[in-house]
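Visitor: Sharing a structure below in structure tokens format, with a few things to ask.
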Amino acid sequence: MADTAQATAVPGWVLEFMDAIDTLEFGEGFAPLTDNTDMYFGTAHIHGVEAIKEFFVKIDAPLIISHEVLEFWTAGDGVRLLRGEAAMAKKSEPERVVRAPFMHIFYLDREEPARIRTLRVTAGPLQTDAVM
């Protein structure tokens with residue numbers, strides 16, 4: 001029998017993770033990441049918590065950004081699925097806000113406290129018409 005995902009409440013560690021990305025203050029929000037965590041963001045492969053922090057600083061520092069979690073599911077074998085939307089604007093053009101859908105797939109090594117083995121992130125497109 002195949003595992004199915006079940007909609008669940010968003011765990012606190014996920015909300016802290018999203019807040020850390022928004023604020024670039026990594027503290028407790030990045031506690032689930034380890035030196036062995038692999039993150040795949042689109043085509044980029046980033047290994048280890050420090051490199052992941054640097055990656056988010058590089059892409060988010062020029063932005064005012066806010067991630068909203070819309071749905072969260074729990075599946076077997078430590079798989080967690082998150083669907084959300086990011087509102088973002090360049091700091092130089094704060095009135096020009098764009099929204100982008102995103103999906104995170106977390107593969108956990110451990111549930112309590114959560115430790116992320118692998119994170120896969122897809123984001124966008126920003127303008128659906130551009131790809132149709």
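Just so we're on the same page: first chain in the structure tokens is A, next is B, and so on; residues restart at 1 for each chain, and ligands are numbered from 1 in the order they show up.
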Assign secondary structure with DSSP using the backbone only, and return the residues of chain A in alpha helix (DSSP H) as a ChimeraX atom specification.

Guide: /A:12-23,49-60

Visitor: Based on DSSP run over this structure's backbone, return all residues of region 2-126 of chain A in strand (DSSP E), as a PyMOL selection string.

Guide: chain A and resi 6-7+38-41+44-47+63-74+79-90+98-110+115-123

Visitor: For a test of reading the model, state the distance in Å between CA of Phe102 (chain A) and CA of Ile21 (chain A), rounded to one decimal.

Guide: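 Computed distance, CA of Phe102 (chain A) to CA of Ile21 (chain A), equals 13.3 Å.
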
Visitor: Please list as number ranges by chain every residue within 12 Å of Ala51 (chain A), counting only C-alpha atoms and excluding residues in the same chain fewer than 3 positions away.

Guide: A: 30, 33-40, 44-48, 54-58

Visitor: Using only C-alpha atoms, which residues sit within 6 Å of Tyr107 (chain A) once same-chain residues fewer than 5 positions away are excluded, as a list in words?

Guide: Gly78, Val79, Ile116, Arg117 and Thr118 of chain A

Visitor: Take the residues that were just selected and, keeping C-alpha atoms, output them as a PDB file, in the first residue's frame.

Guide:
ATOM      1  CA  GLY A  78       9.888  11.776   7.304  1.00  0.00           C
ATOM      2  CA  VAL A  79       8.621  13.551   4.190  1.00  0.00           C
ATOM      3  CA  ILE A 116      16.401  18.180   7.828  1.00  0.00           C
ATOM      4  CA  ARG A 117      18.413  15.757   5.692  1.00  0.00           C
ATOM      5  CA  THR A 118      17.318  17.223   2.340  1.00  0.00           C
TER       6      THR A 118
END

Visitor: Using only C-alpha atoms, which residues sit within 9 Å of His104 (chain A) once same-chain residues fewer than 4 positions away are excluded, as a PyMOL selection string?

Guide: chain A and resi 80-84+119-123

Visitor: Write the residues of the preceding selection, restricted to N, CA and C atoms, as a short mmCIF file (atom, residue, chain, number, x, y, z; two decimals), in the first residue's frame.

Guide:
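As a result, part19.cif now contains:
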data_model
loop_
_atom_site.label_atom_id
_atom_site.label_comp_id
_atom_site.auth_asym_id
_atom_site.auth_seq_id
_atom_site.Cartn_x
_atom_site.Cartn_y
_atom_site.Cartn_z
N ARG A 80 7.85 15.84 4.46
CA ARG A 80 6.91 16.92 4.78
C ARG A 80 6.81 17.83 3.57
N LEU A 81 5.59 18.20 3.21
CA LEU A 81 5.33 19.01 2.03
C LEU A 81 4.72 20.34 2.43
N LEU A 82 5.21 21.40 1.84
CA LEU A 82 4.72 22.73 2.17
C LEU A 82 4.43 23.47 0.87
N ARG A 83 3.25 24.08 0.80
CA ARG A 83 2.90 24.95 -0.33
C ARG A 83 2.67 26.34 0.22
N GLY A 84 3.26 27.32 -0.45
CA GLY A 84 3.10 28.68 0.04
C GLY A 84 3.21 29.71 -1.07
N LEU A 119 16.31 19.27 1.57
CA LEU A 119 15.24 20.22 1.30
C LEU A 119 15.23 20.49 -0.19
N ARG A 120 14.07 20.33 -0.80
CA ARG A 120 13.90 20.66 -2.23
C ARG A 120 12.92 21.81 -2.32
N VAL A 121 13.32 22.86 -3.05
CA VAL A 121 12.51 24.07 -3.18
C VAL A 121 12.27 24.38 -4.65
N THR A 122 11.02 24.61 -4.99
CA THR A 122 10.69 25.15 -6.30
C THR A 122 9.94 26.45 -6.06
N ALA A 123 10.18 27.42 -6.92
CA ALA A 123 9.53 28.72 -6.76
C ALA A 123 9.17 29.27 -8.14
#

Visitor: With only C-alpha atoms as the atoms that count, which of A:Leu70, A:Ile64, A:Pro32, A:Glu95 lies nearest to Leu108 (chain A)?

Guide: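 The shortest atom-to-atom distance to Leu108 (chain A) comes from A:Pro32.
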
Visitor: Give the answer as one residue: which of A:Val49, A:Val98, A:Ala7, A:Ala75 has the shortest atom-to-atom distance to Leu63 (chain A), using only C-alpha atoms?

Guide: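 Looking at the shortest contact to Leu63 (chain A), the residue is A:Val98.
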
Visitor: If we count only C-alpha atoms, what is near Gly124 (chain A) at a cut-off of 12 Å, once residues fewer than 5 positions away on the same chain are taken out, given as a ChimeraX atom specification?

Guide: /A:41-42,83-88,98-103,129-131
